[in-house]
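Data block for start11.cif (mmCIF, C-alpha atoms):
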```
data_my_file
#
loop_
_atom_site.label_atom_id
_atom_site.label_comp_id
_atom_site.auth_asym_id
_atom_site.auth_seq_id
_atom_site.Cartn_x
_atom_site.Cartn_y
_atom_site.Cartn_z
CA MET G 1 1.57 27.60 -4.82
CA SER G 2 1.17 28.57 -1.19
CA ALA G 3 -0.83 31.76 -1.82
CA ALA G 4 -4.08 30.21 -0.59
CA LEU G 5 -2.57 28.70 2.58
CA PRO G 6 -3.43 30.11 6.01
CA PRO G 7 -0.70 32.66 6.95
CA ALA G 8 0.74 30.61 9.85
CA LEU G 9 1.02 27.57 7.56
CA ARG G 10 2.59 29.67 4.79
CA HIS G 11 5.19 31.01 7.25
CA LEU G 12 6.00 27.50 8.44
CA VAL G 13 6.42 26.26 4.86
CA GLN G 14 8.64 29.25 4.05
CA ALA G 15 10.78 28.62 7.14
CA PHE G 16 11.25 24.94 6.15
CA THR G 17 12.42 25.97 2.66
CA ARG G 18 15.41 27.67 4.32
CA LEU G 19 16.77 24.22 5.17
CA PRO G 20 19.32 22.89 2.65
CA GLY G 21 17.80 20.84 -0.17
CA VAL G 22 14.21 21.53 0.93
CA GLY G 23 11.95 22.96 -1.77
CA GLU G 24 8.39 24.18 -1.41
CA LYS G 25 6.83 20.75 -1.98
CA THR G 26 8.97 19.05 0.65
CA ALA G 27 8.42 21.95 3.05
CA LEU G 28 4.65 21.59 2.63
CA ARG G 29 4.96 17.84 3.21
CA PHE G 30 6.92 18.51 6.44
CA ALA G 31 4.32 21.04 7.61
CA MET G 32 1.33 18.85 6.76
CA HIS G 33 2.93 15.84 8.44
CA LEU G 34 3.39 17.86 11.64
CA LEU G 35 -0.10 19.35 11.49
CA THR G 36 -2.08 16.25 10.62
CA ASP G 37 -0.16 13.14 11.71
CA GLN G 38 2.41 14.20 14.25
CA ARG G 39 1.04 17.14 16.16
CA SER G 40 3.26 16.36 19.19
CA VAL G 41 6.41 16.62 17.06
CA LEU G 42 5.47 20.23 16.33
CA ASP G 43 6.19 21.04 19.99
CA THR G 44 9.20 18.71 20.21
CA LEU G 45 10.88 20.30 17.19
CA GLY G 46 10.02 23.82 18.32
CA GLN G 47 11.47 23.13 21.77
CA ALA G 48 14.59 21.53 20.29
CA LEU G 49 15.17 24.58 18.09
CA SER G 50 14.70 26.96 20.99
CA ASP G 51 17.08 24.91 23.17
CA ALA G 52 19.62 24.78 20.36
CA ALA G 53 19.43 28.55 19.90
CA SER G 54 20.05 29.23 23.59
CA ARG G 55 22.47 26.42 24.46
CA LEU G 56 24.61 25.80 21.37
CA ALA G 57 27.41 28.12 20.34
CA THR G 58 30.65 28.00 18.39
CA CYS G 59 33.70 26.92 20.40
CA GLU G 60 35.87 30.01 20.61
CA ALA G 61 39.04 27.93 20.44
CA CYS G 62 38.38 25.56 17.54
CA GLY G 63 35.09 26.41 15.80
CA ASN G 64 33.34 23.15 16.79
CA ILE G 65 29.77 23.21 18.11
CA ALA G 66 29.87 23.72 21.87
CA GLU G 67 27.11 23.42 24.47
CA ARG G 68 26.86 25.98 27.24
CA ASP G 69 26.41 24.55 30.74
CA ALA G 70 23.52 26.87 31.51
CA PRO G 71 21.51 28.56 28.78
CA ASP G 72 21.61 31.90 30.58
CA THR G 73 25.36 31.96 31.13
CA ASP G 74 26.75 35.37 30.32
CA ALA G 75 28.73 34.67 27.16
CA ALA G 76 31.24 37.38 28.03
CA ALA G 77 32.03 35.86 31.43
CA THR G 78 33.38 32.42 30.42
CA PRO G 79 34.68 31.65 26.96
CA VAL G 80 32.68 28.93 25.20
CA ARG G 81 34.67 25.69 24.82
CA CYS G 82 33.57 22.48 23.11
CA SER G 83 33.88 19.13 24.88
CA ILE G 84 37.05 18.26 22.92
CA CYS G 85 38.86 21.52 23.74
CA ALA G 86 37.77 21.18 27.38
CA ASP G 87 39.09 17.59 27.59
CA SER G 88 42.49 17.69 29.29
CA ARG G 89 43.26 14.12 28.16
CA ARG G 90 43.60 15.33 24.60
CA ASP G 91 47.13 15.59 23.21
CA PRO G 92 47.79 19.35 22.93
CA SER G 93 50.72 18.84 20.56
CA GLN G 94 48.52 17.70 17.65
CA LEU G 95 46.05 19.99 15.90
CA CYS G 96 43.87 18.59 13.12
CA VAL G 97 42.68 21.24 10.65
CA VAL G 98 39.33 20.51 8.95
CA ALA G 99 37.10 22.45 6.60
CA LYS G 100 33.83 22.08 8.50
CA VAL G 101 32.34 20.73 11.72
CA GLN G 102 30.88 17.65 9.98
CA ASP G 103 34.45 16.72 8.92
CA LEU G 104 35.61 17.08 12.54
CA MET G 105 32.82 14.69 13.54
CA ALA G 106 33.88 12.20 10.85
CA VAL G 107 37.54 12.23 11.97
CA GLU G 108 36.39 11.95 15.58
CA ARG G 109 34.26 8.89 14.74
CA SER G 110 37.33 7.22 13.21
CA GLY G 111 39.08 7.46 16.59
CA ALA G 112 42.31 8.24 14.72
CA MET G 113 42.92 11.70 16.20
CA ARG G 114 44.04 12.07 19.80
CA GLY G 115 44.81 15.76 19.59
CA ARG G 116 42.46 18.71 19.14
CA TYR G 117 40.87 20.30 16.07
CA PHE G 118 40.62 23.57 14.23
CA VAL G 119 37.65 24.24 11.94
CA LEU G 120 38.48 26.60 9.06
CA GLY G 121 34.84 27.12 8.06
CA ARG G 122 35.92 27.59 4.42
CA LEU G 123 38.55 26.62 1.88
CA LEU G 124 40.63 28.71 -0.50
CA SER G 125 38.67 29.17 -3.72
CA PRO G 126 39.94 31.99 -5.95
CA LEU G 127 37.09 31.40 -8.42
CA ASP G 128 34.57 32.14 -5.65
CA GLY G 129 36.63 35.09 -4.43
CA ILE G 130 37.82 33.32 -1.28
CA GLY G 131 41.49 34.23 -0.82
CA PRO G 132 43.87 33.63 2.10
CA GLU G 133 42.56 36.74 3.90
CA GLU G 134 39.18 34.97 4.24
CA LEU G 135 40.74 32.11 6.22
CA PRO G 136 40.87 32.40 10.05
CA LEU G 137 44.69 32.35 10.02
CA ALA G 138 45.09 34.65 13.03
CA GLN G 139 42.91 32.37 15.21
CA LEU G 140 44.81 29.32 13.97
CA ASP G 141 48.11 31.06 14.71
CA HIS G 142 46.85 31.84 18.22
CA GLN G 143 45.78 28.20 18.77
CA ILE G 144 49.19 26.90 17.65
CA THR G 145 51.04 29.28 19.95
CA SER G 146 48.83 29.04 23.02
CA SER G 147 48.48 25.24 22.98
CA GLY G 148 52.10 24.42 22.14
CA VAL G 149 51.11 22.59 18.94
CA GLN G 150 53.94 20.63 17.32
CA GLU G 151 52.09 18.95 14.47
CA LEU G 152 49.45 20.44 12.23
CA VAL G 153 47.51 17.57 10.60
CA ILE G 154 45.78 19.03 7.54
CA ALA G 155 42.56 17.06 6.96
CA THR G 156 40.96 19.29 4.32
CA PRO G 157 39.33 17.25 1.52
CA PRO G 158 41.51 16.07 -1.38
CA SER G 159 39.86 18.49 -3.81
CA VAL G 160 41.36 21.44 -5.69
CA GLU G 161 40.24 23.81 -2.91
CA GLY G 162 41.30 21.44 -0.14
CA GLU G 163 44.78 20.93 -1.62
CA ALA G 164 45.24 24.67 -2.24
CA THR G 165 44.30 25.37 1.36
CA ALA G 166 46.64 22.64 2.63
CA LEU G 167 49.54 24.09 0.63
CA HIS G 168 48.81 27.58 1.89
CA LEU G 169 48.74 26.41 5.52
CA ALA G 170 52.01 24.52 4.98
CA ARG G 171 53.66 27.67 3.62
CA GLU G 172 52.22 29.76 6.44
CA PHE G 173 53.07 27.52 9.41
CA GLY G 174 55.63 25.01 8.04
CA ARG G 175 58.61 26.80 9.55
CA ARG G 176 57.21 26.75 13.07
CA VAL G 177 55.51 23.34 13.33
CA ARG G 178 55.54 20.04 11.50
CA VAL G 179 52.75 20.13 8.89
CA THR G 180 51.31 16.79 7.69
CA ARG G 181 48.60 15.92 5.18
CA ILE G 182 46.16 13.00 5.45
CA ALA G 183 46.67 10.33 2.78
CA SER G 184 44.64 10.27 -0.42
CA GLY G 185 44.18 6.99 -2.28
CA ILE G 186 41.85 4.06 -2.89
CA PRO G 187 39.28 3.93 -0.07
CA HIS G 188 38.92 0.83 2.11
CA GLY G 189 36.91 -1.75 0.14
CA GLY G 190 37.27 0.32 -3.04
CA ASP G 191 37.86 -1.19 -6.46
CA LEU G 192 40.94 -0.20 -8.49
CA GLU G 193 39.04 -0.96 -11.68
CA PHE G 194 36.60 1.86 -11.00
CA ALA G 195 38.94 4.34 -9.32
CA ASP G 196 39.41 7.62 -11.18
CA PRO G 197 42.92 8.33 -12.59
CA ILE G 198 43.65 11.13 -10.09
CA THR G 199 42.85 8.94 -7.09
CA LEU G 200 44.93 6.11 -8.55
CA GLY G 201 47.79 8.51 -9.25
CA ARG G 202 47.65 9.70 -5.65
CA ALA G 203 47.56 6.14 -4.35
CA MET G 204 50.71 5.43 -6.37
CA ALA G 205 52.48 8.61 -5.34
CA GLY G 206 51.63 7.96 -1.70
CA ARG G 207 52.89 4.36 -1.69
CA ARG G 208 54.83 3.25 1.36
CA GLY G 209 57.42 0.56 2.01
CA LEU G 210 56.02 -2.74 3.32
CA ASP G 211 57.97 -4.33 6.12
CA GLY G 212 57.76 -8.02 5.17
CA MET Y 213 26.54 8.20 15.07
CA SER Y 214 25.25 11.06 17.19
CA ALA Y 215 26.50 9.72 20.52
CA ALA Y 216 29.34 12.24 20.75
CA LEU Y 217 27.17 15.26 19.88
CA PRO Y 218 26.33 17.88 22.52
CA PRO Y 219 22.90 16.97 24.01
CA ALA Y 220 21.05 20.01 22.61
CA LEU Y 221 22.41 19.22 19.13
CA ARG Y 222 21.50 15.54 19.51
CA HIS Y 223 17.93 16.48 20.50
CA LEU Y 224 17.63 18.79 17.50
CA VAL Y 225 18.89 16.07 15.14
CA GLN Y 226 16.45 13.56 16.66
CA ALA Y 227 13.55 16.01 16.28
CA PHE Y 228 14.40 16.57 12.60
CA THR Y 229 14.40 12.81 11.96
CA ARG Y 230 10.69 12.81 12.87
CA LEU Y 231 10.01 14.66 9.60
CA PRO Y 232 8.98 12.39 6.70
CA GLY Y 233 11.90 11.15 4.60
CA VAL Y 234 14.53 12.71 6.87
CA GLY Y 235 17.21 10.32 8.11
CA GLU Y 236 19.96 10.99 10.61
CA LYS Y 237 22.42 12.31 8.00
CA THR Y 238 19.94 14.79 6.55
CA ALA Y 239 18.83 15.81 10.05
CA LEU Y 240 22.45 16.53 11.00
CA ARG Y 241 22.88 18.53 7.79
CA PHE Y 242 19.77 20.57 8.68
CA ALA Y 243 21.03 21.19 12.22
CA MET Y 244 24.57 22.11 11.14
CA HIS Y 245 23.24 24.43 8.45
CA LEU Y 246 21.16 26.27 11.04
CA LEU Y 247 23.97 26.38 13.60
CA THR Y 248 26.84 27.40 11.34
CA ASP Y 249 25.47 29.19 8.26
CA GLN Y 250 21.96 30.34 9.04
CA ARG Y 251 21.75 31.10 12.72
CA SER Y 252 18.84 33.52 12.16
CA VAL Y 253 16.73 30.77 10.56
CA LEU Y 254 16.96 28.87 13.84
CA ASP Y 255 14.76 31.54 15.44
CA THR Y 256 12.57 31.96 12.34
CA LEU Y 257 11.78 28.25 12.15
CA GLY Y 258 11.28 27.98 15.91
CA GLN Y 259 8.87 30.93 15.86
CA ALA Y 260 7.01 29.54 12.83
CA LEU Y 261 6.55 26.19 14.60
CA SER Y 262 5.31 27.85 17.77
CA ASP Y 263 2.86 30.03 15.78
CA ALA Y 264 1.67 26.99 13.85
CA ALA Y 265 1.09 25.06 17.08
CA SER Y 266 -0.99 27.84 18.60
CA ARG Y 267 -2.80 29.19 15.51
CA LEU Y 268 -3.42 26.23 13.22
CA ALA Y 269 -6.10 23.65 13.87
CA THR Y 270 -8.24 21.21 11.95
CA CYS Y 271 -11.45 22.64 10.51
CA GLU Y 272 -14.25 20.99 12.46
CA ALA Y 273 -16.49 20.89 9.41
CA CYS Y 274 -14.23 19.55 6.67
CA GLY Y 275 -10.85 18.51 8.10
CA ASN Y 276 -8.87 21.17 6.20
CA ILE Y 277 -6.18 23.19 8.00
CA ALA Y 278 -7.79 26.24 9.60
CA GLU Y 279 -6.23 29.31 11.17
CA ARG Y 280 -7.68 30.73 14.37
CA ASP Y 281 -8.24 34.48 14.39
CA ALA Y 282 -6.50 34.92 17.73
CA PRO Y 283 -4.10 32.31 19.09
CA ASP Y 284 -5.68 32.49 22.53
CA THR Y 285 -9.26 31.99 21.36
CA ASP Y 286 -11.04 29.52 23.56
CA ALA Y 287 -11.44 26.56 21.25
CA ALA Y 288 -14.68 25.55 22.96
CA ALA Y 289 -16.32 28.93 22.40
CA THR Y 290 -16.30 29.16 18.59
CA PRO Y 291 -15.97 26.13 16.33
CA VAL Y 292 -12.86 26.24 14.14
CA ARG Y 293 -13.70 26.78 10.46
CA CYS Y 294 -11.27 26.91 7.53
CA SER Y 295 -11.40 29.78 5.04
CA ILE Y 296 -13.26 27.64 2.50
CA CYS Y 297 -15.99 26.54 4.93
CA ALA Y 298 -16.29 30.12 6.17
CA ASP Y 299 -16.69 31.49 2.62
CA SER Y 300 -20.40 32.07 1.97
CA ARG Y 301 -19.80 32.40 -1.78
CA ARG Y 302 -19.05 28.68 -1.98
CA ASP Y 303 -21.74 26.48 -3.49
CA PRO Y 304 -23.14 24.49 -0.53
CA SER Y 305 -24.74 21.91 -2.81
CA GLN Y 306 -21.40 20.40 -3.93
CA LEU Y 307 -19.09 18.53 -1.54
CA CYS Y 308 -15.76 17.24 -2.84
CA VAL Y 309 -14.43 14.28 -0.85
CA VAL Y 310 -10.61 13.95 -0.78
CA ALA Y 311 -8.21 11.64 1.00
CA LYS Y 312 -5.91 14.28 2.48
CA VAL Y 313 -5.46 18.03 2.88
CA GLN Y 314 -2.77 18.17 0.16
CA ASP Y 315 -5.31 16.75 -2.30
CA LEU Y 316 -7.80 19.44 -1.27
CA MET Y 317 -5.09 22.03 -2.01
CA ALA Y 318 -4.43 20.47 -5.42
CA VAL Y 319 -8.13 20.51 -6.41
CA GLU Y 320 -8.38 24.07 -5.09
CA ARG Y 321 -5.42 25.16 -7.25
CA SER Y 322 -7.18 23.77 -10.32
CA GLY Y 323 -10.05 26.16 -9.68
CA ALA Y 324 -12.45 23.39 -10.80
CA MET Y 325 -14.39 23.07 -7.53
CA ARG Y 326 -16.83 25.77 -6.50
CA GLY Y 327 -18.35 23.83 -3.62
CA ARG Y 328 -16.79 22.81 -0.33
CA TYR Y 329 -14.61 19.86 0.69
CA PHE Y 330 -14.50 16.95 3.07
CA VAL Y 331 -11.14 15.41 4.05
CA LEU Y 332 -11.38 11.70 4.89
CA GLY Y 333 -7.90 11.51 6.40
CA ARG Y 334 -7.59 7.88 5.26
CA LEU Y 335 -8.74 5.41 2.64
CA LEU Y 336 -10.21 1.94 2.95
CA SER Y 337 -7.38 -0.58 3.07
CA PRO Y 338 -8.37 -4.02 4.36
CA LEU Y 339 -4.76 -5.20 4.13
CA ASP Y 340 -3.72 -2.46 6.59
CA GLY Y 341 -6.74 -3.17 8.78
CA ILE Y 342 -8.58 0.01 7.77
CA GLY Y 343 -12.23 -0.89 7.35
CA PRO Y 344 -15.33 1.31 6.85
CA GLU Y 345 -15.58 1.91 10.61
CA GLU Y 346 -12.27 3.79 10.44
CA LEU Y 347 -13.69 6.33 7.99
CA PRO Y 348 -15.33 9.52 9.38
CA LEU Y 349 -18.71 8.55 7.90
CA ALA Y 350 -20.78 10.10 10.72
CA GLN Y 351 -19.10 13.49 10.22
CA LEU Y 352 -19.56 13.23 6.45
CA ASP Y 353 -23.22 12.33 6.98
CA HIS Y 354 -23.61 15.37 9.24
CA GLN Y 355 -21.97 17.65 6.63
CA ILE Y 356 -24.26 16.35 3.89
CA THR Y 357 -27.37 16.90 6.00
CA SER Y 358 -26.49 20.23 7.58
CA SER Y 359 -25.24 21.88 4.37
CA GLY Y 360 -27.93 20.59 2.06
CA VAL Y 361 -25.42 18.81 -0.19
CA GLN Y 362 -26.85 17.51 -3.47
CA GLU Y 363 -23.72 16.19 -5.16
CA LEU Y 364 -20.85 14.28 -3.57
CA VAL Y 365 -17.82 14.57 -5.87
CA ILE Y 366 -15.47 11.72 -4.90
CA ALA Y 367 -11.90 12.85 -5.62
CA THR Y 368 -10.02 10.03 -3.90
CA PRO Y 369 -7.02 8.87 -5.96
CA PRO Y 370 -7.58 6.28 -8.72
CA SER Y 371 -5.79 3.56 -6.75
CA VAL Y 372 -7.14 0.30 -5.31
CA GLU Y 373 -7.76 2.00 -1.95
CA GLY Y 374 -9.17 5.15 -3.55
CA GLU Y 375 -11.59 3.18 -5.74
CA ALA Y 376 -12.71 0.96 -2.86
CA THR Y 377 -13.38 4.06 -0.77
CA ALA Y 378 -15.28 5.71 -3.61
CA LEU Y 379 -17.46 2.62 -4.06
CA HIS Y 380 -18.15 2.44 -0.33
CA LEU Y 381 -19.17 6.10 -0.21
CA ALA Y 382 -21.42 5.61 -3.25
CA ARG Y 383 -23.14 2.69 -1.52
CA GLU Y 384 -23.44 4.64 1.73
CA PHE Y 385 -24.78 7.93 0.39
CA GLY Y 386 -25.93 7.14 -3.18
CA ARG Y 387 -29.59 6.97 -2.25
CA ARG Y 388 -29.65 10.42 -0.66
CA VAL Y 389 -27.40 12.49 -2.93
CA ARG Y 390 -25.90 12.28 -6.40
CA VAL Y 391 -22.46 10.67 -6.11
CA THR Y 392 -19.92 11.39 -8.88
CA ARG Y 393 -16.34 10.27 -9.41
CA ILE Y 394 -13.56 12.35 -10.98
CA ALA Y 395 -12.34 11.01 -14.34
CA SER Y 396 -9.32 8.77 -14.62
CA GLY Y 397 -7.38 8.67 -17.89
CA ILE Y 398 -4.36 9.97 -19.79
CA PRO Y 399 -3.10 13.12 -18.04
CA HIS Y 400 -2.84 16.40 -19.94
CA GLY Y 401 0.32 16.29 -22.07
CA GLY Y 402 0.71 12.56 -21.39
CA ASP Y 403 1.81 10.08 -24.02
CA LEU Y 404 -0.44 7.12 -24.94
CA GLU Y 405 2.67 5.14 -25.91
CA PHE Y 406 3.92 5.15 -22.33
CA ALA Y 407 0.57 4.98 -20.49
CA ASP Y 408 0.05 1.86 -18.37
CA PRO Y 409 -2.72 -0.54 -19.50
CA ILE Y 410 -4.99 0.26 -16.53
CA THR Y 411 -4.88 4.00 -17.21
CA LEU Y 412 -5.50 3.41 -20.90
CA GLY Y 413 -8.36 1.06 -20.09
CA ARG Y 414 -9.90 3.72 -17.87
CA ALA Y 415 -9.45 6.38 -20.51
CA MET Y 416 -11.32 4.15 -22.95
CA ALA Y 417 -14.06 3.24 -20.51
CA GLY Y 418 -14.53 6.90 -19.59
CA ARG Y 419 -14.78 8.13 -23.21
CA ARG Y 420 -17.39 10.76 -23.94
CA GLY Y 421 -19.30 11.83 -27.04
CA LEU Y 422 -17.72 14.72 -28.97
CA ASP Y 423 -20.16 17.35 -30.16
CA GLY Y 424 -18.73 18.21 -33.61
#
```

Kindly return the structure encoded in the file as structure tokens.
Amino acid sequence: MSAALPPALRHLVQAFTRLPGVGEKTALRFAMHLLTDQRSVLDTLGQALSDAASRLATCEACGNIAERDAPDTDAAATPVRCSICADSRRDPSQLCVVAKVQDLMAVERSGAMRGRYFVLGRLLSPLDGIGPEELPLAQLDHQITSSGVQELVIATPPSVEGEATALHLAREFGRRVRVTRIASGIPHGGDLEFADPITLGRAMAGRRGLDG
Amino acid sequence: MSAALPPALRHLVQAFTRLPGVGEKTALRFAMHLLTDQRSVLDTLGQALSDAASRLATCEACGNIAERDAPDTDAAATPVRCSICADSRRDPSQLCVVAKVQDLMAVERSGAMRGRYFVLGRLLSPLDGIGPEELPLAQLDHQITSSGVQELVIATPPSVEGEATALHLAREFGRRVRVTRIASGIPHGGDLEFADPITLGRAMAGRRGLDG
């Protein structure tokens, strides 16, 4: 499709197709929009990408996205820390384990976590060949020890992989710290009539006493 | 939603939302994909955007996307020409008028046009306040005169705006050159049963004699 395009346009379209869910047609639409309607955004987006490449890194403590103070900071000199790990008001005794950075952001938006986080980056998935040795257990172990964590709040998703990972972490760290699991059940505003049997079963199993 | 993001990440997300059809959630997914899974694409896409900004321009003859030979060419020295306008094997007597560059690319893929193109950039749309004075009629006039065009093939879409534009161009240039309109009807492989009445009416009105 893009054989007849000018090389610089073809390269731009190809680069856009590397974004998740972007096929060649959408990539061409992005490129044409920038080149015909929004020429200034071409520079804005290019600058934002270049800034992101130089300023953003992975927090060496938790795996969250962290911003360096100065883009030319020697990475070896000061360890990169995200704003949450650097915040001394955070409760060091709680560590919330999530699968990915977007999940950390979601928990953070809820305001329900006052401790810090640990991003696994992946979940156990034997079918995809992801076993326990693929999980960053040594880094998690180090975080638990160095921060004096007392409770590990497992906030992996309530899926087969998420539950398997939660169980594995409980077995691995359950003797040293308290390991808890976020509740699974009917979501706020959800309808019992349309809930799937597994969710309903979990809601039942997770029922709590009501103080009347 | 993005208030708690590191500034460089927030800027990147905002820049992505300037792409057509990309909301804040998709923009964040793009950014996180680049920052966590595909760090190398961050540079690739940034470089492609920078190359596009410096190398790609609008063809001064037809409005197509054109690539400069050298990125530092003084734009004032040599007029920018796209590969189609620069191709001397093209039939100068035919000029195909399209609404946008993507339509030019579609006609070009069909291989059905041996002449050159002219990109209007917009269509007549009184409701949106786009009248004839918003169309690049002077440039089109100049192209017709300077290239010795004999046939103007109007390939605007068969919509209200496309038809209005086609009629206006026919009135404007019909006395000097032959003005033709691409056919509208049932698409190849299309089903008469599901065709809308306007399309079917056009297919009927555009019927041609069959030489048996």

Residues of chain G within 6 Å of chain Y, counting only C-alpha atoms, as a list in words: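 Those within range of chain Y come out as Pro6, Ala8, Leu12, Ala15, Leu19, Phe30, Leu45, Gly46, Ala48, Leu49, Ala52 and Glu67 of chain G.
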
Asp408 (chain Y) environment, 12 Å, only C-alpha atoms, sequence neighbours closer than 5 positions dropped, as a ChimeraX atom specification: /Y:397-399,402-403,413-415

Just how far from CA of Gly115 (chain G) is CA of Glu133 (chain G), in Å to one decimal?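 CA of Gly115 (chain G) lies 26.3 Å from CA of Glu133 (chain G).
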
Distance criterion (only C-alpha atoms): nearest to Ile410 (chain Y) out of Y:Leu307, Y:Gly343, Y:Pro370, Y:Val361: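 The shortest atom-to-atom distance to Ile410 (chain Y) comes from Y:Pro370.
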
For CA of Ser93 (chain G) and CA of Pro132 (chain G), quote the distance in Å rounded to one decimal.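 Interatomic distance here is 24.6 Å.
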
Got a sec to resolve the PyMOL selection byres ((chain G and resi 162) around 12) on this structure and send the residues as a VMD selection string? chain G and resid 97 to 100 120 to 125 154 to 161 163 to 169 181 to 182 184

Can you write just those residues out, C-alpha atoms, as a compact mmCIF listing (two decimals), keeping the file's coordinate frame?
```txt
# COMPACT_ATOMS: atom_id res chain seq x y z
CA VAL G 97 42.68 21.24 10.65
CA VAL G 98 39.33 20.51 8.95
CA ALA G 99 37.10 22.45 6.60
CA LYS G 100 33.83 22.08 8.50
CA LEU G 120 38.48 26.60 9.06
CA GLY G 121 34.84 27.12 8.06
CA ARG G 122 35.92 27.59 4.42
CA LEU G 123 38.55 26.62 1.88
CA LEU G 124 40.63 28.71 -0.50
CA SER G 125 38.67 29.17 -3.72
CA ILE G 154 45.78 19.03 7.54
CA ALA G 155 42.56 17.06 6.96
CA THR G 156 40.96 19.29 4.32
CA PRO G 157 39.33 17.25 1.52
CA PRO G 158 41.51 16.07 -1.38
CA SER G 159 39.86 18.49 -3.81
CA VAL G 160 41.36 21.44 -5.69
CA GLU G 161 40.24 23.81 -2.91
CA GLU G 163 44.78 20.93 -1.62
CA ALA G 164 45.24 24.67 -2.24
CA THR G 165 44.30 25.37 1.36
CA ALA G 166 46.64 22.64 2.63
CA LEU G 167 49.54 24.09 0.63
CA HIS G 168 48.81 27.58 1.89
CA LEU G 169 48.74 26.41 5.52
CA ARG G 181 48.60 15.92 5.18
CA ILE G 182 46.16 13.00 5.45
CA SER G 184 44.64 10.27 -0.42
```

Missing atoms in region 124-136 of chain G: can you complete it with N, CA and C atoms, as a PDB file, in the coordinates of the input?
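Output file selection.pdb is given in full below:
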```pdb
ATOM      1  N   LEU G 124      40.195  27.785   0.539  1.00  0.00           N
ATOM      2  CA  LEU G 124      40.630  28.710  -0.500  1.00  0.00           C
ATOM      3  C   LEU G 124      39.898  28.376  -1.794  1.00  0.00           C
ATOM      4  N   SER G 125      39.362  29.390  -2.451  1.00  0.00           N
ATOM      5  CA  SER G 125      38.670  29.170  -3.720  1.00  0.00           C
ATOM      6  C   SER G 125      38.685  30.471  -4.509  1.00  0.00           C
ATOM      7  N   PRO G 126      39.796  30.720  -5.229  1.00  0.00           N
ATOM      8  CA  PRO G 126      39.940  31.990  -5.950  1.00  0.00           C
ATOM      9  C   PRO G 126      38.763  32.267  -6.883  1.00  0.00           C
ATOM     10  N   LEU G 127      38.205  31.203  -7.488  1.00  0.00           N
ATOM     11  CA  LEU G 127      37.090  31.400  -8.420  1.00  0.00           C
ATOM     12  C   LEU G 127      35.863  31.958  -7.708  1.00  0.00           C
ATOM     13  N   ASP G 128      35.700  31.614  -6.417  1.00  0.00           N
ATOM     14  CA  ASP G 128      34.570  32.140  -5.650  1.00  0.00           C
ATOM     15  C   ASP G 128      34.976  33.378  -4.856  1.00  0.00           C
ATOM     16  N   GLY G 129      36.174  33.881  -5.116  1.00  0.00           N
ATOM     17  CA  GLY G 129      36.630  35.090  -4.430  1.00  0.00           C
ATOM     18  C   GLY G 129      37.034  34.844  -2.990  1.00  0.00           C
ATOM     19  N   ILE G 130      37.386  33.604  -2.646  1.00  0.00           N
ATOM     20  CA  ILE G 130      37.820  33.320  -1.280  1.00  0.00           C
ATOM     21  C   ILE G 130      39.346  33.173  -1.285  1.00  0.00           C
ATOM     22  N   GLY G 131      40.027  34.220  -0.866  1.00  0.00           N
ATOM     23  CA  GLY G 131      41.490  34.230  -0.820  1.00  0.00           C
ATOM     24  C   GLY G 131      41.981  33.952   0.587  1.00  0.00           C
ATOM     25  N   PRO G 132      43.286  33.956   0.783  1.00  0.00           N
ATOM     26  CA  PRO G 132      43.870  33.630   2.100  1.00  0.00           C
ATOM     27  C   PRO G 132      43.354  34.540   3.214  1.00  0.00           C
ATOM     28  N   GLU G 133      43.020  35.799   2.860  1.00  0.00           N
ATOM     29  CA  GLU G 133      42.560  36.740   3.900  1.00  0.00           C
ATOM     30  C   GLU G 133      41.187  36.342   4.457  1.00  0.00           C
ATOM     31  N   GLU G 134      40.486  35.436   3.755  1.00  0.00           N
ATOM     32  CA  GLU G 134      39.180  34.970   4.240  1.00  0.00           C
ATOM     33  C   GLU G 134      39.337  33.800   5.220  1.00  0.00           C
ATOM     34  N   LEU G 135      40.536  33.236   5.295  1.00  0.00           N
ATOM     35  CA  LEU G 135      40.740  32.110   6.220  1.00  0.00           C
ATOM     36  C   LEU G 135      41.049  32.639   7.629  1.00  0.00           C
ATOM     37  N   PRO G 136      40.622  31.929   8.676  1.00  0.00           N
ATOM     38  CA  PRO G 136      40.870  32.400  10.050  1.00  0.00           C
ATOM     39  C   PRO G 136      42.305  32.090  10.494  1.00  0.00           C
TER      40      PRO G 136
END
```
